[in-house]
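File shown: input-v5.txt. Contents: compact mmCIF, C-alpha atoms.
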```txt
# COMPACT_ATOMS: atom_id res chain seq x y z
CA MET A 65 -4.26 10.88 -13.36
CA PHE A 66 -0.55 10.44 -12.86
CA ARG A 67 -0.19 9.36 -16.43
CA PHE A 68 -2.08 12.43 -17.52
CA LEU A 69 0.33 14.60 -15.59
CA LYS A 70 3.25 12.88 -17.24
CA ALA A 71 1.70 13.38 -20.64
CA PHE A 72 1.23 17.01 -19.75
CA GLY A 73 4.88 17.14 -18.76
CA LEU A 74 5.84 15.80 -22.16
CA LEU A 75 3.65 18.36 -23.89
CA SER A 76 5.01 21.25 -21.90
CA ALA A 77 8.54 20.06 -22.58
CA ALA A 78 7.76 19.99 -26.27
CA ALA A 79 6.29 23.45 -26.01
CA LEU A 80 9.41 24.76 -24.35
CA GLY A 81 11.41 23.26 -27.14
CA ALA A 82 15.13 23.42 -26.56
CA ALA A 83 15.43 22.38 -22.93
CA ALA A 84 14.19 18.80 -23.03
CA PRO A 85 14.00 17.32 -19.55
CA PRO A 86 15.74 14.04 -18.78
CA ALA A 87 13.94 10.95 -20.02
CA LEU A 88 10.60 10.61 -18.32
CA ALA A 89 11.47 7.50 -16.42
CA ALA A 90 11.54 5.15 -19.36
CA GLY A 91 12.63 1.92 -17.77
CA ASP A 92 10.50 1.91 -14.64
CA LEU A 93 9.68 -1.68 -13.85
CA LEU A 94 7.74 -4.13 -11.73
CA VAL A 95 8.91 -7.62 -10.83
CA ALA A 96 6.90 -10.33 -9.09
CA PRO A 97 7.49 -12.45 -7.09
CA THR A 98 10.39 -11.05 -5.09
CA ARG A 99 12.06 -14.36 -4.26
CA VAL A 100 12.24 -17.70 -6.05
CA ILE A 101 13.03 -21.06 -4.47
CA LEU A 102 13.41 -24.10 -6.70
CA ASP A 103 13.69 -27.64 -5.41
CA GLY A 104 15.46 -28.89 -8.47
CA SER A 105 12.57 -30.46 -10.35
CA ARG A 106 9.94 -27.87 -11.14
CA GLY A 107 10.39 -24.48 -12.70
CA THR A 108 8.51 -21.28 -12.06
CA GLU A 109 7.65 -17.98 -13.65
CA VAL A 110 8.52 -14.41 -12.84
CA VAL A 111 6.48 -11.51 -14.16
CA LEU A 112 8.20 -8.38 -15.45
CA ASN A 113 6.06 -5.37 -16.26
CA ASN A 114 6.93 -2.06 -17.88
CA ILE A 115 5.32 0.49 -15.58
CA GLY A 116 7.03 3.43 -17.27
CA SER A 117 5.43 5.85 -19.67
CA ALA A 118 7.34 4.78 -22.77
CA PRO A 119 8.35 1.52 -24.44
CA ALA A 120 11.48 0.09 -22.86
CA THR A 121 13.89 -2.74 -23.47
CA TYR A 122 14.83 -4.87 -20.49
CA ARG A 123 17.71 -7.25 -20.14
CA ILE A 124 17.43 -10.21 -17.80
CA SER A 125 20.60 -11.79 -16.45
CA LEU A 126 21.99 -13.73 -13.51
CA GLU A 127 24.61 -12.38 -11.18
CA ILE A 128 26.39 -13.61 -8.12
CA LYS A 129 26.07 -11.53 -4.99
CA ARG A 130 27.55 -12.30 -1.61
CA MET A 131 26.19 -11.13 1.68
CA THR A 132 28.46 -9.02 3.86
CA ALA A 133 28.70 -9.01 7.64
CA GLU A 134 27.00 -5.61 7.49
CA GLY A 135 23.99 -7.15 5.76
CA GLY A 136 24.65 -5.76 2.30
CA LEU A 137 25.02 -7.66 -0.95
CA ASP A 138 28.29 -7.35 -2.84
CA GLU A 139 28.29 -8.01 -6.54
CA ILE A 140 30.95 -10.55 -7.51
CA ALA A 141 32.65 -10.32 -10.89
CA GLY A 142 32.54 -13.36 -13.15
CA GLU A 143 36.20 -14.25 -12.70
CA ASN A 144 35.91 -14.36 -8.91
CA VAL A 145 33.03 -16.78 -8.47
CA THR A 146 33.50 -20.01 -6.53
CA PRO A 147 32.74 -23.40 -8.14
CA ALA A 148 29.44 -23.57 -6.20
CA GLU A 149 28.45 -20.12 -7.46
CA ARG A 150 29.44 -21.12 -10.97
CA ALA A 151 27.24 -24.21 -10.60
CA ALA A 152 24.30 -21.97 -9.67
CA LEU A 153 24.84 -19.80 -12.75
CA ASP A 154 25.03 -22.89 -14.94
CA MET A 155 22.00 -24.76 -13.61
CA ILE A 156 19.47 -21.93 -13.60
CA VAL A 157 17.93 -21.52 -17.03
CA PHE A 158 15.56 -18.74 -18.01
CA SER A 159 13.93 -17.18 -21.01
CA PRO A 160 13.66 -14.62 -22.51
CA ARG A 161 16.86 -12.72 -21.80
CA ARG A 162 15.90 -9.52 -23.50
CA VAL A 163 12.47 -8.10 -24.14
CA THR A 164 10.99 -4.84 -25.38
CA LEU A 165 7.70 -3.92 -23.75
CA PRO A 166 5.22 -1.14 -24.39
CA PRO A 167 3.95 0.64 -21.27
CA ASN A 168 1.89 -1.56 -18.97
CA GLN A 169 2.77 -4.72 -20.84
CA PRO A 170 3.73 -7.69 -18.65
CA GLN A 171 6.11 -10.40 -19.75
CA VAL A 172 6.40 -13.81 -18.16
CA VAL A 173 9.99 -14.98 -17.67
CA ARG A 174 10.19 -18.74 -17.35
CA VAL A 175 12.77 -19.95 -14.86
CA GLY A 176 13.87 -23.56 -14.69
CA VAL A 177 16.67 -25.54 -13.17
CA ARG A 178 18.81 -28.38 -14.47
CA VAL A 179 20.62 -29.95 -11.56
CA PRO A 180 23.65 -31.81 -12.85
CA GLU A 181 24.06 -35.37 -11.67
CA GLY A 182 26.31 -35.81 -8.69
CA LEU A 183 25.95 -32.22 -7.48
CA PRO A 184 26.57 -32.15 -3.71
CA PRO A 185 23.44 -31.38 -1.65
CA GLY A 186 23.10 -27.84 -0.43
CA GLU A 187 21.82 -24.47 -1.40
CA TYR A 188 22.84 -22.77 -4.64
CA ARG A 189 21.93 -19.19 -5.38
CA ALA A 190 22.14 -16.54 -8.04
CA HIS A 191 20.39 -13.18 -8.28
CA MET A 192 18.23 -12.47 -11.27
CA LEU A 193 18.71 -8.93 -12.51
CA PHE A 194 16.01 -7.13 -14.50
CA ARG A 195 17.41 -3.95 -15.91
CA SER A 196 16.27 -1.46 -18.49
CA VAL A 197 18.64 -0.99 -21.39
CA PRO A 198 19.02 2.71 -22.06
CA ASP A 199 18.35 4.14 -25.47
CA ALA A 200 21.18 5.81 -27.32
CA ALA A 201 23.46 7.93 -25.17
CA PRO A 202 21.64 11.01 -23.96
CA ALA A 203 22.18 14.01 -26.18
CA ALA A 204 22.48 17.53 -24.87
CA ALA A 205 21.91 17.77 -21.16
CA ALA A 206 19.11 19.52 -19.42
CA GLY A 207 19.31 23.21 -18.85
CA ALA A 208 20.46 25.99 -21.07
CA LYS A 209 24.21 26.27 -21.33
CA PRO A 210 25.86 29.64 -21.78
CA ALA A 211 27.17 29.72 -25.32
CA GLY A 212 30.77 28.71 -25.71
CA THR A 213 31.65 28.32 -22.08
CA GLY A 214 30.94 25.91 -19.30
CA VAL A 215 30.15 22.26 -19.14
CA SER A 216 26.74 20.69 -18.76
CA ILE A 217 26.30 17.28 -17.29
CA ALA A 218 23.87 14.48 -18.06
CA LEU A 219 24.07 11.43 -15.86
CA THR A 220 21.77 8.57 -16.83
CA PRO A 221 21.09 5.88 -14.27
CA ILE A 222 20.61 2.38 -15.60
CA TYR A 223 18.41 0.94 -12.94
CA GLY A 224 17.02 -2.43 -12.15
CA ILE A 225 15.76 -4.91 -9.63
CA THR A 226 17.36 -8.11 -8.44
CA ILE A 227 15.61 -11.03 -6.80
CA PRO A 228 17.30 -14.14 -5.41
CA VAL A 229 16.82 -17.45 -7.22
CA ILE A 230 17.61 -20.23 -4.78
CA VAL A 231 18.03 -23.89 -5.71
CA ARG A 232 17.93 -26.42 -2.90
CA VAL A 233 19.43 -29.81 -3.59
CA GLY A 234 18.63 -32.44 -0.97
CA ASP A 235 17.03 -31.10 2.17
CA PRO A 236 19.48 -28.66 3.72
CA GLY A 237 18.58 -27.27 7.14
CA ALA A 238 19.49 -24.15 9.08
CA GLU A 239 18.87 -22.34 12.32
CA ALA A 240 19.28 -18.74 13.34
CA ALA A 241 19.85 -16.91 16.60
CA ILE A 242 19.28 -13.31 17.59
CA GLY A 243 22.28 -11.67 19.23
CA ALA A 244 22.81 -8.32 20.87
CA ALA A 245 20.55 -5.37 20.02
CA TRP A 246 21.39 -1.68 20.23
CA MET A 247 20.43 1.73 18.93
CA SER A 248 22.80 3.85 16.85
CA GLU A 249 22.76 7.35 15.51
CA GLY A 250 23.90 7.77 11.91
CA ALA A 251 24.14 10.67 9.51
CA ASP A 252 20.67 9.85 8.25
CA GLY A 253 19.02 9.40 11.64
CA PRO A 254 18.64 6.74 14.32
CA ALA A 255 18.76 3.04 13.56
CA PHE A 256 17.81 -0.11 15.41
CA ASN A 257 20.49 -2.79 15.11
CA PHE A 258 20.90 -6.37 16.12
CA ASP A 259 23.11 -9.32 15.26
CA LEU A 260 21.62 -12.33 13.57
CA SER A 261 23.68 -15.52 13.37
CA ARG A 262 23.04 -18.64 11.36
CA THR A 263 24.15 -22.26 11.39
CA GLY A 264 23.47 -25.05 8.92
CA SER A 265 23.77 -25.56 5.20
CA ARG A 266 21.20 -23.13 3.85
CA SER A 267 19.99 -19.58 4.21
CA VAL A 268 17.38 -18.42 6.69
CA TYR A 269 14.72 -15.94 5.68
CA GLY A 270 11.88 -14.30 7.52
CA ASP A 271 10.30 -11.34 9.22
CA ILE A 272 11.40 -9.40 12.27
CA GLU A 273 8.94 -8.06 14.79
CA VAL A 274 10.01 -5.99 17.77
CA THR A 275 7.46 -5.59 20.54
CA ARG A 276 7.40 -4.09 24.02
CA PRO A 277 6.39 -6.67 26.64
CA GLY A 278 2.70 -6.16 27.41
CA VAL A 279 2.00 -4.08 24.32
CA ALA A 280 0.32 -5.82 21.41
CA GLU A 281 1.16 -3.31 18.70
CA PRO A 282 4.69 -3.99 17.40
CA LEU A 283 7.18 -1.16 17.64
CA LEU A 284 8.94 -2.24 14.48
CA VAL A 285 8.22 -4.70 11.67
CA ALA A 286 10.82 -5.57 9.03
CA ARG A 287 9.99 -8.22 6.46
CA GLY A 288 12.23 -10.20 4.19
CA ILE A 289 15.42 -10.40 6.24
CA ALA A 290 17.79 -13.13 5.04
CA VAL A 291 21.07 -14.56 6.28
CA TYR A 292 22.77 -16.30 3.38
CA PRO A 293 25.05 -19.33 3.81
CA GLU A 294 28.23 -17.43 2.91
CA VAL A 295 28.01 -15.59 6.23
CA GLY A 296 27.68 -17.07 9.71
CA ALA A 297 26.26 -13.85 11.07
CA ARG A 298 25.15 -10.47 9.87
CA LYS A 299 24.17 -7.19 11.34
CA VAL A 300 20.61 -6.05 10.73
CA SER A 301 20.43 -2.27 10.74
CA LEU A 302 17.02 -0.66 10.35
CA ARG A 303 16.55 3.08 10.20
CA VAL A 304 13.66 4.26 12.33
CA ALA A 305 11.86 7.54 12.86
CA GLY A 306 12.84 9.59 15.92
CA GLU A 307 9.69 8.84 17.93
CA VAL A 308 10.05 5.10 17.27
CA ALA A 309 13.71 5.25 18.27
CA ALA A 310 12.78 6.65 21.68
CA LYS A 311 10.23 3.86 22.24
CA LEU A 312 12.65 1.12 21.23
CA LYS A 313 15.00 1.84 24.14
CA GLY A 314 14.49 -0.46 27.09
CA PRO A 315 13.24 -4.04 27.29
CA VAL A 316 11.96 -5.44 23.99
CA HIS A 317 10.97 -8.79 22.56
CA ILE A 318 12.51 -9.59 19.16
CA ARG A 319 10.95 -12.36 17.10
CA TYR A 320 12.35 -13.73 13.86
CA SER A 321 9.69 -15.76 12.09
CA GLU A 322 9.47 -17.64 8.84
CA ASP A 323 7.70 -16.10 5.89
CA ARG A 324 3.93 -15.86 6.36
CA GLU A 325 3.51 -17.76 3.11
CA ILE A 326 5.03 -20.87 4.68
CA GLY A 327 3.30 -20.62 8.03
CA GLY A 328 5.17 -17.90 9.89
CA GLY A 329 6.70 -20.25 12.47
CA THR A 330 9.21 -18.80 14.92
CA ILE A 331 12.85 -19.21 13.92
CA ASP A 332 14.17 -17.52 17.06
CA GLU A 333 12.97 -15.06 19.66
CA ALA A 334 14.78 -13.20 22.37
CA GLU A 335 14.32 -10.64 25.14
CA ARG A 336 16.78 -7.79 24.92
CA VAL A 337 17.34 -4.55 26.71
CA VAL A 338 18.15 -1.95 24.10
CA LYS A 339 20.48 0.90 24.95
CA MET B 296 -0.59 3.90 -13.33
CA GLN B 297 1.17 1.70 -10.85
CA LYS B 298 -2.13 0.21 -9.83
CA SER B 299 -2.79 -0.99 -13.33
CA GLY B 300 0.77 -2.30 -13.49
CA MET B 301 0.05 -4.41 -10.44
CA LYS B 302 -3.18 -5.71 -11.92
CA ARG B 303 -1.35 -6.83 -14.99
CA ALA B 304 1.24 -8.63 -12.94
CA LEU B 305 -1.49 -10.40 -11.04
CA LEU B 306 -3.21 -11.32 -14.26
CA GLY B 307 -0.02 -12.83 -15.60
CA ALA B 308 0.46 -14.69 -12.35
CA ALA B 309 -3.09 -15.98 -12.42
CA ILE B 310 -2.58 -17.33 -15.91
CA ALA B 311 0.61 -19.00 -14.77
CA ALA B 312 -1.18 -20.54 -11.82
CA LEU B 313 -3.98 -21.83 -14.02
CA ALA B 314 -1.54 -23.37 -16.42
CA MET B 315 0.30 -25.12 -13.63
CA ASN B 316 -2.95 -26.26 -12.10
CA ALA B 317 -4.08 -27.75 -15.39
CA HIS B 318 -0.85 -29.67 -15.56
CA ALA B 319 -1.21 -30.95 -12.02
CA ALA B 320 -4.81 -31.95 -12.68
CA GLN B 321 -3.76 -34.05 -15.64
CA ALA B 322 -1.21 -35.87 -13.60
CA ALA B 323 -3.41 -36.55 -10.61
CA SER B 324 -6.85 -36.45 -12.26
CA ALA B 325 -9.77 -36.16 -9.81
CA THR B 326 -10.79 -32.90 -8.11
CA GLY B 327 -11.21 -29.64 -9.97
CA THR B 328 -9.98 -26.59 -8.13
CA ALA B 329 -9.58 -23.04 -9.27
CA THR B 330 -6.54 -21.29 -7.90
CA ALA B 331 -5.15 -17.83 -8.21
CA ARG B 332 -1.84 -16.89 -6.78
CA ILE B 333 -1.17 -13.37 -5.68
CA LEU B 334 2.48 -12.62 -6.07
CA ARG B 335 4.49 -10.22 -4.01
CA GLN B 336 5.86 -7.51 -6.19
CA ILE B 337 8.46 -4.81 -6.25
CA THR B 338 8.50 -1.74 -8.43
CA LEU B 339 11.32 0.70 -9.05
CA THR B 340 10.65 4.09 -10.58
CA LYS B 341 12.94 7.03 -11.16
CA THR B 342 11.54 10.27 -9.82
CA SER B 343 14.46 12.61 -10.52
CA ASP B 344 17.88 12.63 -12.16
CA LEU B 345 21.16 13.56 -10.52
CA GLN B 346 21.78 17.03 -11.93
CA TYR B 347 24.96 19.03 -11.57
CA ALA B 348 23.43 21.73 -13.77
CA THR B 349 25.94 23.91 -15.61
CA ILE B 350 29.49 24.60 -14.48
CA ILE B 351 32.04 27.07 -15.77
CA SER B 352 35.48 25.72 -15.03
CA GLY B 353 38.29 27.76 -13.54
CA ALA B 354 42.07 27.89 -13.78
CA THR B 355 42.52 25.26 -11.08
CA ALA B 356 40.98 21.84 -10.59
CA SER B 357 38.00 21.81 -8.25
CA THR B 358 34.88 19.89 -7.34
CA VAL B 359 31.12 20.30 -7.31
CA ALA B 360 29.20 18.25 -4.77
CA VAL B 361 25.49 17.50 -4.77
CA SER B 362 24.29 15.98 -1.52
CA THR B 363 21.69 13.22 -1.40
CA ALA B 364 19.33 16.00 -0.30
CA GLY B 365 20.09 17.87 -3.53
CA ALA B 366 22.12 20.73 -2.02
CA ALA B 367 25.06 21.86 -4.13
CA THR B 368 28.50 22.89 -2.98
CA CYS B 369 30.36 24.73 -5.72
CA GLY B 370 34.13 24.42 -5.27
CA ALA B 371 36.54 27.35 -5.23
CA GLY B 372 37.22 28.82 -8.64
CA LEU B 373 34.09 27.41 -10.28
CA THR B 374 30.90 29.11 -11.32
CA CYS B 375 27.81 26.96 -10.98
CA THR B 376 24.47 27.90 -12.49
CA GLY B 377 21.13 26.22 -12.79
CA THR B 378 19.24 24.00 -10.39
CA THR B 379 20.93 20.94 -8.99
CA THR B 380 18.96 17.91 -7.88
CA ALA B 381 19.85 14.58 -6.33
CA GLY B 382 18.82 11.47 -8.20
CA SER B 383 15.80 9.91 -6.59
CA PHE B 384 14.11 6.54 -6.90
CA ASN B 385 10.85 5.25 -5.54
CA VAL B 386 10.42 1.62 -4.47
CA GLN B 387 7.04 0.04 -3.85
CA GLY B 388 6.32 -3.39 -2.47
CA THR B 389 5.12 -5.31 0.54
CA SER B 390 4.72 -3.00 3.52
CA GLY B 391 7.54 -3.58 5.97
CA ALA B 392 9.82 -5.22 3.41
CA VAL B 393 13.49 -4.34 3.68
CA VAL B 394 15.06 -3.65 0.28
CA LEU B 395 18.82 -3.25 -0.20
CA VAL B 396 19.65 -0.38 -2.49
CA GLY B 397 22.85 0.84 -4.05
CA GLY B 398 24.88 1.08 -7.20
CA ASP B 399 28.13 2.16 -8.77
CA SER B 400 30.38 4.26 -6.58
CA SER B 401 31.75 6.31 -9.45
CA VAL B 402 30.99 7.24 -13.03
CA THR B 403 33.07 8.56 -15.91
CA LEU B 404 31.60 11.29 -18.06
CA ASN B 405 32.63 11.86 -21.66
CA GLY B 406 32.46 15.31 -23.18
CA SER B 407 30.79 16.02 -26.50
CA LEU B 408 33.89 18.00 -27.53
CA GLY B 409 36.38 15.61 -25.98
CA GLY B 410 37.66 15.38 -22.45
CA THR B 411 36.44 13.34 -19.54
CA MET B 412 35.41 13.95 -15.96
CA SER B 413 34.65 11.61 -13.13
CA SER B 414 32.13 11.75 -10.37
CA THR B 415 31.88 9.78 -7.18
CA LEU B 416 28.39 8.66 -6.23
CA THR B 417 26.85 8.37 -2.79
CA TYR B 418 23.57 6.79 -1.76
CA SER B 419 21.28 8.02 0.98
CA ALA B 420 21.02 4.60 2.64
CA PRO B 421 22.18 1.00 2.14
CA ASN B 422 18.66 -0.26 2.78
CA ILE B 423 15.13 1.04 3.06
CA THR B 424 12.16 -0.37 4.92
CA LEU B 425 9.04 0.08 2.81
CA GLY B 426 6.07 1.78 4.38
CA ALA B 427 2.49 1.53 3.22
CA SER B 428 3.34 3.96 0.43
CA GLY B 429 6.71 2.41 -0.39
CA GLY B 430 10.02 4.12 0.15
CA SER B 431 12.64 6.11 -1.68
CA PHE B 432 16.37 6.61 -1.83
CA GLN B 433 18.57 9.32 -3.28
CA VAL B 434 21.84 9.50 -5.15
CA GLY B 435 24.28 12.37 -4.71
CA GLY B 436 27.82 12.80 -5.90
CA THR B 437 30.99 14.81 -6.17
CA LEU B 438 32.15 15.82 -9.63
CA SER B 439 35.83 16.48 -10.21
CA VAL B 440 36.31 19.32 -12.68
CA GLY B 441 39.78 19.74 -14.15
CA ALA B 442 41.60 23.01 -14.55
CA ASN B 443 40.20 24.71 -17.66
CA GLN B 444 38.04 21.67 -18.31
CA ALA B 445 37.02 21.56 -21.97
CA SER B 446 33.53 22.94 -22.38
CA GLY B 447 30.78 20.79 -23.82
CA ASP B 448 28.00 18.45 -22.86
CA TYR B 449 29.27 15.62 -20.67
CA SER B 450 27.31 12.44 -20.29
CA GLY B 451 27.72 9.15 -18.50
CA THR B 452 25.71 6.23 -17.22
CA PHE B 453 25.77 4.45 -13.88
CA ASN B 454 24.06 1.38 -12.46
CA VAL B 455 21.55 1.47 -9.63
CA THR B 456 19.74 -1.58 -8.25
CA ALA B 457 17.11 -2.40 -5.68
CA ASN B 458 17.81 -5.86 -4.31
CA TYR B 459 15.45 -8.19 -2.53
CA GLN B 460 17.23 -10.49 -0.11
```
Rewrite the structure of this file - the entire thing - as structure tokens.
Amino acid sequence: MFRFLKAFGLLSAAALGAAAPPALAAGDLLVAPTRVILDGSRGTEVVLNNIGSAPATYRISLEIKRMTAEGGLDEIAGENVTPAERAALDMIVFSPRRVTLPPNQPQVVRVGVRVPEGLPPGEYRAHMLFRSVPDAAPAAAAGAKPAGTGVSIALTPIYGITIPVIVRVGDPGAEAAIGAAWMSEGADGPAFNFDLSRTGSRSVYGDIEVTRPGVAEPLLVARGIAVYPEVGARKVSLRVAGEVAAKLKGPVHIRYSEDREIGGGTIDEAERVVK
Amino acid sequence: MQKSGMKRALLGAAIAALAMNAHAAQAASATGTATARILRQITLTKTSDLQYATIISGATASTVAVSTAGAATCGAGLTCTGTTTAGSFNVQGTSGAVVLVGGDSSVTLNGSLGGTMSSTLTYSAPNITLGASGGSFQVGGTLSVGANQASGDYSGTFNVTANYQ
């Protein structure tokens, strides 16, 4: 149905002639899984699918990103990577690196790892970027421009998805602890915040569940929260709807648990009074 | 459309799982098991472009801002026509998953008749928590228009990513 509507959009654009709308989302994409962990011996596969309405070319690459104390991921330019980050880029091998897919055509990307001899134990990580390569620079922008005067603007986003590819050498361990929790009010609404600290030689990853003592239904669930080894602690800031924000104030139980796929064991839990 | 995209991903994953299983079976012989892995997925789709529409420049330098909600603020001395929109992206994935979103903080636009302009870019949030129907984020910006900016069609590209942690 949606596709039909898009096709209709194309037709109507053609009918209107001159004012072609911006590209109909050529480059939309699906990536699965959303996280890869390699133990150094066996490889894996990641599926990339073109879910757009037109053929698209995708480029697959590795980048280094570092976690910030605020919980974001900063992209690090090639010349600024540490030797350990460089080692991650060098040991993760993947293919293909560029692929053109018709709509709804999946492509398997094989990911392997070649751990060099003598590499110190620990966790090595790069982020695999799947990004659509735009066609030729967009021609005339959308909208009719008054003849001779004025400027029209066409901004084309080149958009993509990154997933972490983590290589563990040896058997690194880590623990995490939940710190203070508080509510904040930002420009885009209320947010629930707490500090999450980490010790050990690898990242921690899991799901957060916030419950009110005595109430089974969780007030807030946030899945896929990581603390990477480059930071000892991070802030977790989760925007919440107004009615949830009101409920979160007061005594709550915060539980940080491992991924459900590996059992969902508790990493840390804490009682906090949220102001 | 997205549903069929997911099916395809699962199909690919199932084939991968079968292949691996066959390999494991050879190594260990013995029991025959059929496995199918269901992979977690993420999709990113563009639902609208960041549009500054059409601007007629004035005698002094000025700016046009489009908020992440799509509202335009036309600076003094400029004439703005047409409909402005914020860029918008839709992310789908596991319900409850927190996805970090962001991209370039500025972009340079080149004019078809020469000249350049620059625009800062702002994002509606640094992260989104996906609901049952996914989530979305928006891109707004502030375009700096020079005094008597050369007319023409200006275009530029900027990077946007959705990052799983």
Residues of chain A that have any atom at most 6 Å from an atom of chain B: could you tabulate them with the shortest-distance atom pair and the distance in Å to one decimal, using all atoms listed in the file, ordered by chain and increasing number, as a Markdown table?
```
| residue | atom | partner | partner_atom | distance |
| --- | --- | --- | --- | --- |
| A:Ala89 | CA | B:Lys341 | CA | 5.5 |
| A:Asp92 | CA | B:Thr340 | CA | 4.6 |
| A:Leu93 | CA | B:Thr338 | CA | 5.5 |
| A:Leu94 | CA | B:Thr338 | CA | 4.1 |
| A:Val95 | CA | B:Ile337 | CA | 5.4 |
| A:Ala96 | CA | B:Gln336 | CA | 4.2 |
| A:Pro97 | CA | B:Arg335 | CA | 4.8 |
| A:Thr98 | CA | B:Gln336 | CA | 5.9 |
| A:Ile115 | CA | B:Gly300 | CA | 5.7 |
| A:Asn168 | CA | B:Gly300 | CA | 5.6 |
| A:Ala204 | CA | B:Asp448 | CA | 5.9 |
| A:Thr213 | CA | B:Ser446 | CA | 5.7 |
| A:Gly214 | CA | B:Ile351 | CA | 3.9 |
| A:Val215 | CA | B:Ser446 | CA | 4.7 |
| A:Ser216 | CA | B:Thr349 | CA | 4.6 |
| A:Ile217 | CA | B:Tyr449 | CA | 4.8 |
| A:Ala218 | CA | B:Ser450 | CA | 4.6 |
| A:Leu219 | CA | B:Gly451 | CA | 5.0 |
| A:Thr220 | CA | B:Thr452 | CA | 4.6 |
| A:Pro221 | CA | B:Phe453 | CA | 4.9 |
| A:Ile222 | CA | B:Asn454 | CA | 4.8 |
| A:Tyr223 | CA | B:Val455 | CA | 4.6 |
| A:Gly224 | CA | B:Thr456 | CA | 4.8 |
| A:Ile225 | CA | B:Ala457 | CA | 4.9 |
| A:Thr226 | CA | B:Asn458 | CA | 4.7 |
| A:Ile227 | CA | B:Tyr459 | CA | 5.1 |
| A:Val285 | CA | B:Gly391 | CA | 5.8 |
| A:Ala286 | CA | B:Gly391 | CA | 4.9 |
| A:Arg287 | CA | B:Ala392 | CA | 4.3 |
| A:Gly288 | CA | B:Ala392 | CA | 5.6 |
| A:Ala290 | CA | B:Gln460 | CA | 5.8 |
```
Problem set entry | For CA of Ser362 (chain B) and CA of Lys129 (chain A), the interatomic separation in Å (one decimal) |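 Here the two named atoms are 27.8 Å from each other.
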Problem set entry | Contacts of Ile331 (chain A) within 8 Å, all atoms listed in the file, excl. fewer than 4 positions in-chain, as a list of chain:residue names | A:Glu239, A:Ala240, A:Ala241, A:Arg319, A:Tyr320, A:Ser321, A:Glu322
For this session: Measure the distance from CA of Val233 (chain A) to CA of Val179 (chain A) in Å and round it to one decimal.
Result: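 Straight-line distance from CA of Val233 (chain A) to CA of Val179 (chain A) works out to 8.1 Å.
Take CA of Thr379 (chain B) and CA of Arg195 (chain A): the distance between them is 26.1 Å.
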For this session: Could you give me, as number ranges by chain, the residues within 8 Å of Gly243 (chain A), counting only C-alpha atoms and dropping anything in the same chain fewer than 4 positions from it?
Result: A: 258-261
Problem set entry | Within 9 Å of Gly142 (chain A) using only C-alpha atoms, minus same-chain residues under 3 positions, as a VMD selection string | chain A and resid 127 to 128 145 150
For this session: Starting from the point (11.1, -1.3, 13.0), work out which residues of protein, DNA or RNA have an atom no more than 8 Å away when counting all atoms listed in the file; state them as a list in words.
Result: Phe256, Glu273, Val274, Leu283, Leu284, Val285, Ala286, Leu302, Arg303, Val304 and Val308 of chain A
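Across A:Lys339, A:His317, A:Arg232, A:Leu183, the tightest approach to Pro147 (chain A) is made by A:Leu183 when counting all atoms listed in the file.
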